[in-house]
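Trainee: Right, I'll just put the structure down here and ask away after.
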Amino acid sequence: MKVKIKRIDKSLPLPTYETAGAVCFDLSARESVIVQPGGLAKIKLNIIVETPAGYMLMLVPRSSLPAKKPGLIYPHGVGVIDQDYRGPDDELMLQVKNVGSQSVEIKRGERIAQAGFVRIEHAELEEVEEVAASSRGGFGSTG
């Protein structure tokens with residue numbers, strides 16, 4: 001699958017899949033940012049992506065985040081990038097929160113997130129008056 005992307009700052013490298021078996025490609029910060037304790041920041045990721053029809057682009061944390069950036073979390077857990085988020089001002093961004101007690105620095109060019117394409121399908125939603133006759137038991141019901 002070929003996907004068109006535009007780099008904002010061409011002095012930073014294109015995103016890459018780091019291994020042959022990687023399912024996501026790494027994304028780097030376009031600018032250095034310091035996130036104060038308790039603070040939120042939007043990290044610019046230097047690319048605009050033309051996500052193909054039938055897919056969404058999902059942003060997720062890199063597995064090294066807790067070790068390399070203690071206190072830094074993604075408050076949304078994942079980011080969903082819609083197919084129509086692709087205009088000239090639609091640079092990918094990642095929102096982060098510092099839940100630690102020390103400032104956290106993200107340096108320009110540092111790999112801070114990863115993204116992968118996920119196949120999707122639009123459902124035809126049908127409203128009904130009744131649903132299935134049995135319930136599982138609610139949140140956490142399976143143990």
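Scheme for the structure tokens: letters A, B, ... for chains in order shown; per-chain residue numbers from 1; ligand numbers from 1 in order shown.
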Which polymer residues have any atom within 12 Å of an atom of Gly79 in chain A, counting only C-alpha atoms, with same-chain residues fewer than 4 positions away left out, as a list in words?
Mentor: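 Counting only C-alpha atoms, the residues come to Met56, Leu57, Met58, Leu59, Val60, Pro61, Tyr74, Pro75, Leu92, Met93, Leu94, Gln95, Val96, Ala113, Gln114, Ala115, Gly116 and Phe117 of chain A.
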Trainee: Using only C-alpha atoms, please write the residues we just selected to a file, as a compact mmCIF listing (two decimals), in the first residue's frame.
Mentor:
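Contents of part00.txt, freshly written:
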```txt
# COMPACT_ATOMS: atom_id res chain seq x y z
CA MET A 56 -7.62 4.85 9.92
CA LEU A 57 -4.22 5.85 11.20
CA MET A 58 -3.73 5.00 14.87
CA LEU A 59 -1.15 6.79 17.03
CA VAL A 60 0.12 4.82 20.03
CA PRO A 61 2.92 5.16 22.60
CA TYR A 74 -0.75 9.86 26.54
CA PRO A 75 -3.98 10.97 28.25
CA LEU A 92 -0.14 15.02 13.12
CA MET A 93 0.17 15.95 16.78
CA LEU A 94 0.37 13.92 19.94
CA GLN A 95 -1.03 15.21 23.22
CA VAL A 96 1.01 14.27 26.28
CA ALA A 113 5.23 7.93 19.10
CA GLN A 114 4.41 5.25 16.58
CA ALA A 115 1.58 4.90 14.09
CA GLY A 116 0.00 2.15 12.06
CA PHE A 117 -2.80 1.80 9.55
```
Trainee: Quick one: DSSP helix (DSSP H, G or I) residues in chain A, as a PyMOL selection string?
Mentor: chain A and resi 65-68
Trainee: Quick one: everything within 8 Å of range 98-110 of chain A, counting only C-alpha atoms, minus sequence neighbours fewer than 5 positions away in the same chain. Send it as a list of chain:residue names.
Mentor: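 Here the answer would be A:Leu12, A:Ser28, A:Ala29, A:Arg30, A:Glu31, A:Ser32, A:Val33, A:Ile34, A:Val35, A:Gln36, A:Pro37, A:Gly38, A:Gly39, A:Leu40, A:Lys69, A:Pro70, A:Gly71, A:Leu72, A:Ile73.
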Trainee: Identify, with DSSP run on backbone atoms, the residues in range 28-143 of chain A assigned to strand (DSSP E or B), and express the list as a PyMOL selection string.
Mentor: chain A and resi 28+33-35+40-44+47-49+55-61+72-73+79-81+93-98+104-106+111-119
Trainee: Determine the nearest neighbour of Ser11 in chain A from the options A:Asp90, A:Ser63, A:Asn46, A:Ala123, counting only C-alpha atoms.
Mentor: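 With only C-alpha atoms as the atom set, the closest residue is A:Asn46.
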